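Source file structure.pdb; content: PDB, C-alpha atoms, pLDDT in the B column.
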```pdb
ATOM      1  CA  MET W   1     -31.859  25.425 -31.073  1.00 53.00           C
ATOM      2  CA  PRO W   2     -33.284  21.915 -30.399  1.00 60.00           C
ATOM      3  CA  ASN W   3     -30.476  20.404 -32.491  1.00 73.00           C
ATOM      4  CA  ILE W   4     -27.863  21.942 -30.193  1.00 78.00           C
ATOM      5  CA  ARG W   5     -29.603  20.528 -27.112  1.00 76.00           C
ATOM      6  CA  VAL W   6     -29.801  17.087 -28.682  1.00 73.00           C
ATOM      7  CA  LEU W   7     -26.140  17.279 -29.662  1.00 74.00           C
ATOM      8  CA  LEU W   8     -25.135  18.358 -26.139  1.00 76.00           C
ATOM      9  CA  LEU W   9     -27.213  15.565 -24.650  1.00 74.00           C
ATOM     10  CA  ILE W  10     -25.526  13.004 -26.909  1.00 75.00           C
ATOM     11  CA  ILE W  11     -22.076  14.351 -25.978  1.00 75.00           C
ATOM     12  CA  ILE W  12     -22.890  14.161 -22.265  1.00 74.00           C
ATOM     13  CA  ILE W  13     -24.194  10.604 -22.595  1.00 74.00           C
ATOM     14  CA  LEU W  14     -21.068   9.571 -24.511  1.00 69.00           C
ATOM     15  CA  MET W  15     -18.786  11.182 -21.942  1.00 70.00           C
ATOM     16  CA  ILE W  16     -20.557   9.404 -19.094  1.00 71.00           C
ATOM     17  CA  SER W  17     -20.549   6.043 -20.870  1.00 68.00           C
ATOM     18  CA  ILE W  18     -16.857   6.057 -21.798  1.00 68.00           C
ATOM     19  CA  GLN W  19     -14.954   3.728 -19.539  1.00 60.00           C
ATOM     20  CA  THR W  20     -11.359   4.471 -18.794  1.00 60.00           C
ATOM     21  CA  ASN W  21      -9.137   1.549 -18.048  1.00 62.00           C
ATOM     22  CA  GLY W  22      -6.820   2.342 -15.185  1.00 62.00           C
ATOM     23  CA  ALA W  23      -3.875   0.317 -14.040  1.00 66.00           C
ATOM     24  CA  PRO W  24      -4.887  -2.999 -12.495  1.00 71.00           C
ATOM     25  CA  LEU W  25      -4.813  -3.142  -8.727  1.00 75.00           C
ATOM     26  CA  THR W  26      -2.056  -5.097  -7.066  1.00 83.00           C
ATOM     27  CA  THR W  27      -1.751  -6.564  -3.596  1.00 87.00           C
ATOM     28  CA  ALA W  28       1.111  -4.200  -2.676  1.00 90.00           C
ATOM     29  CA  PHE W  29       0.500  -1.346  -0.254  1.00 90.00           C
ATOM     30  CA  THR W  30       2.583   1.555   1.018  1.00 93.00           C
ATOM     31  CA  TYR W  31       3.886   1.433   4.574  1.00 93.00           C
ATOM     32  CA  GLN W  32       5.270   4.654   5.996  1.00 95.00           C
ATOM     33  CA  GLY W  33       7.064   4.589   9.285  1.00 94.00           C
ATOM     34  CA  ASN W  34       9.373   6.266  11.736  1.00 95.00           C
ATOM     35  CA  LEU W  35      12.675   4.746  12.888  1.00 95.00           C
ATOM     36  CA  ASN W  36      14.671   6.075  15.825  1.00 95.00           C
ATOM     37  CA  ASP W  37      18.265   5.260  16.680  1.00 91.00           C
ATOM     38  CA  SER W  38      19.233   6.073  20.286  1.00 92.00           C
ATOM     39  CA  GLY W  39      16.160   8.282  20.624  1.00 92.00           C
ATOM     40  CA  VAL W  40      16.917  10.336  17.501  1.00 95.00           C
ATOM     41  CA  GLY W  41      15.479  10.008  13.996  1.00 94.00           C
ATOM     42  CA  ALA W  42      17.660   7.529  12.124  1.00 95.00           C
ATOM     43  CA  ASN W  43      19.553   8.386   8.938  1.00 96.00           C
ATOM     44  CA  GLY W  44      21.059   5.983   6.419  1.00 95.00           C
ATOM     45  CA  SER W  45      20.180   2.721   4.695  1.00 96.00           C
ATOM     46  CA  TYR W  46      18.466  -0.019   6.678  1.00 96.00           C
ATOM     47  CA  ASP W  47      17.320  -3.566   5.983  1.00 97.00           C
ATOM     48  CA  PHE W  48      13.724  -4.249   7.051  1.00 97.00           C
ATOM     49  CA  GLN W  49      11.682  -7.379   7.693  1.00 97.00           C
ATOM     50  CA  PHE W  50       7.881  -7.305   7.685  1.00 96.00           C
ATOM     51  CA  GLN W  51       5.589 -10.060   8.956  1.00 95.00           C
ATOM     52  CA  LEU W  52       1.818 -10.448   9.227  1.00 94.00           C
ATOM     53  CA  TYR W  53       0.192 -11.987  12.296  1.00 95.00           C
ATOM     54  CA  ASP W  54      -3.313 -13.158  13.096  1.00 93.00           C
ATOM     55  CA  ALA W  55      -3.378 -11.545  16.560  1.00 94.00           C
ATOM     56  CA  ILE W  56      -1.901  -8.420  18.104  1.00 93.00           C
ATOM     57  CA  THR W  57      -0.116 -10.477  20.792  1.00 92.00           C
ATOM     58  CA  LEU W  58       0.937 -14.127  20.759  1.00 91.00           C
ATOM     59  CA  GLY W  59      -0.346 -14.483  17.191  1.00 92.00           C
ATOM     60  CA  SER W  60       0.817 -16.876  14.516  1.00 95.00           C
ATOM     61  CA  GLN W  61       2.669 -15.545  11.491  1.00 95.00           C
ATOM     62  CA  ILE W  62       0.590 -15.525   8.316  1.00 93.00           C
ATOM     63  CA  GLY W  63       2.478 -16.014   5.044  1.00 90.00           C
ATOM     64  CA  LEU W  64       6.139 -15.340   4.425  1.00 93.00           C
ATOM     65  CA  THR W  65       8.423 -12.640   5.790  1.00 95.00           C
ATOM     66  CA  VAL W  66       8.962  -9.777   3.338  1.00 96.00           C
ATOM     67  CA  LEU W  67      12.606  -8.656   3.227  1.00 97.00           C
ATOM     68  CA  LEU W  68      13.446  -5.173   1.954  1.00 96.00           C
ATOM     69  CA  ASP W  69      17.123  -4.187   1.843  1.00 96.00           C
ATOM     70  CA  ASP W  70      18.864  -0.813   1.707  1.00 96.00           C
ATOM     71  CA  ILE W  71      15.812   1.311   2.475  1.00 96.00           C
ATOM     72  CA  ALA W  72      16.644   5.007   2.785  1.00 96.00           C
ATOM     73  CA  VAL W  73      15.716   6.510   6.149  1.00 96.00           C
ATOM     74  CA  ILE W  74      15.948  10.294   6.455  1.00 96.00           C
ATOM     75  CA  ASP W  75      15.352  12.010   9.789  1.00 95.00           C
ATOM     76  CA  GLY W  76      13.672   8.802  10.927  1.00 95.00           C
ATOM     77  CA  ILE W  77      11.117   8.720   8.095  1.00 95.00           C
ATOM     78  CA  PHE W  78      10.865   5.932   5.517  1.00 96.00           C
ATOM     79  CA  SER W  79       8.334   4.606   3.026  1.00 95.00           C
ATOM     80  CA  VAL W  80       8.222   1.151   1.425  1.00 96.00           C
ATOM     81  CA  ALA W  81       5.911  -0.891  -0.773  1.00 94.00           C
ATOM     82  CA  ILE W  82       5.046  -4.225   0.852  1.00 94.00           C
ATOM     83  CA  ASP W  83       3.409  -7.107  -0.975  1.00 93.00           C
ATOM     84  CA  PHE W  84       2.291 -10.115   1.079  1.00 91.00           C
ATOM     85  CA  GLY W  85       0.167 -11.352  -1.830  1.00 89.00           C
ATOM     86  CA  ASP W  86      -3.581 -11.807  -1.607  1.00 83.00           C
ATOM     87  CA  ALA W  87      -3.698 -15.115   0.319  1.00 84.00           C
ATOM     88  CA  PRO W  88      -3.359 -13.583   3.830  1.00 84.00           C
ATOM     89  CA  PHE W  89      -6.206 -11.117   3.276  1.00 83.00           C
ATOM     90  CA  ILE W  90      -9.397 -13.150   3.358  1.00 84.00           C
ATOM     91  CA  GLY W  91     -11.373 -10.838   5.631  1.00 83.00           C
ATOM     92  CA  ASP W  92      -9.785 -11.618   8.999  1.00 87.00           C
ATOM     93  CA  ASP W  93      -7.884  -9.056  11.064  1.00 90.00           C
ATOM     94  CA  ARG W  94      -4.115  -8.882  10.445  1.00 91.00           C
ATOM     95  CA  TRP W  95      -1.284  -7.115  12.253  1.00 92.00           C
ATOM     96  CA  CYS W  96       1.977  -6.052  10.635  1.00 91.00           C
ATOM     97  CA  SER W  97       5.285  -6.359  12.472  1.00 93.00           C
ATOM     98  CA  ARG W  98       8.461  -4.552  11.425  1.00 93.00           C
ATOM     99  CA  ARG W  99      12.076  -5.332  12.282  1.00 91.00           C
ATOM    100  CA  CYS W 100      15.306  -3.824  11.063  1.00 87.00           C
TER     101      CYS W 100
END
```

Entire entry expressed as structure tokens:
Amino acid sequence: MPNIRVLLLIIIILMISIQTNGAPLTTAFTYQGNLNDSGVGANGSYDFQFQLYDAITLGSQIGLTVLLDDIAVIDGIFSVAIDFGDAPFIGDDRWCSRRC
């Protein structure tokens, strides 16, 4: 009986100590939004521009504009992956602006 307990304890320790290597993190994040056209949810392909700013109003743009073309919008809903890189995110507040 003690041998089984020792064996189970070893198995548990091994399971806890095993490290799994996941995919490395990137600087991209998912942005989900809603787009209306004449007050109704838009449908079709749209070109988007995303910018980061250092203030909610009258802020300066941080980094480059991210251009994403031919994004599918269905009933006004869309989802994109945006990657501004890691340079803009140094701990200060940032605001994202979207144009299409």

Min atom-atom distance to Ile62 (chain W) from the set W:Tyr31, W:Asp86, W:Asn36, W:Leu7, counting all atoms listed in the file, belongs to W:Asp86

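The residues caught by the PyMOL selection byres ((chain W and resi 42-46) around 12) in this file are Gly33, Asn34, Leu35, Asn36, Asp37, Ser38, Gly39, Val40, Gly41, Asp47, Phe48, Gln49, Leu67, Leu68, Asp69, Asp70, Ile71, Ala72, Val73, Ile74, Asp75, Gly76, Ile77, Phe78, Ser79, Val80, Arg98, Arg99 and Cys100 of chain W.
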
What separates CA of Thr26 (chain W) and CA of Ile56 (chain W) is a distance of 25.4 Å

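Restricting the calculation to only C-alpha atoms, the smallest distance between Asp54 (chain W) and any of W:Ile82, W:Leu9, W:Met15, W:Cys96 is found for W:Cys96.
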
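Across the structure, CA of Tyr53 (chain W) and CA of Asp93 (chain W) are spaced 8.7 Å apart.
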
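Separating CA of Pro88 (chain W) from CA of Thr57 (chain W) is a distance of 17.5 Å.
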
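Nearest residue to Thr27 (chain W) among W:Arg94, W:Arg5, W:Asp83, W:Phe89 is W:Asp83, counting all atoms listed in the file.
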
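Selection result for the displayed file, with the PyMOL selection byres ((chain W and resi 63) around 8) as criterion, is Gln51, Leu52, Gln61, Ile62, Leu64, Thr65, Phe84, Ala87 and Pro88 of chain W.
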
Selection file, C-alpha atoms, as a PDB file, in the frame of the given file:
```
ATOM      1  CA  GLN W  51       5.589 -10.060   8.956  1.00 95.00           C
ATOM      2  CA  LEU W  52       1.818 -10.448   9.227  1.00 94.00           C
ATOM      3  CA  GLN W  61       2.669 -15.545  11.491  1.00 95.00           C
ATOM      4  CA  ILE W  62       0.590 -15.525   8.316  1.00 93.00           C
ATOM      5  CA  LEU W  64       6.139 -15.340   4.425  1.00 93.00           C
ATOM      6  CA  THR W  65       8.423 -12.640   5.790  1.00 95.00           C
ATOM      7  CA  PHE W  84       2.291 -10.115   1.079  1.00 91.00           C
ATOM      8  CA  ALA W  87      -3.698 -15.115   0.319  1.00 84.00           C
ATOM      9  CA  PRO W  88      -3.359 -13.583   3.830  1.00 84.00           C
TER      10      PRO W  88
END
```

Using the file's own x, y and z axes, what box holds all listed atoms of region 78-84 of chain W with 5 Å on each side, keeping edges along x, y and z, and what are its centre and edge lengths in Å to one decimal, as lines of an AutoDock Vina configuration file?
```
center_x = 6.6
center_y = -2.1
center_z = 2.3
size_x = 18.6
size_y = 26.0
size_z = 16.5
```
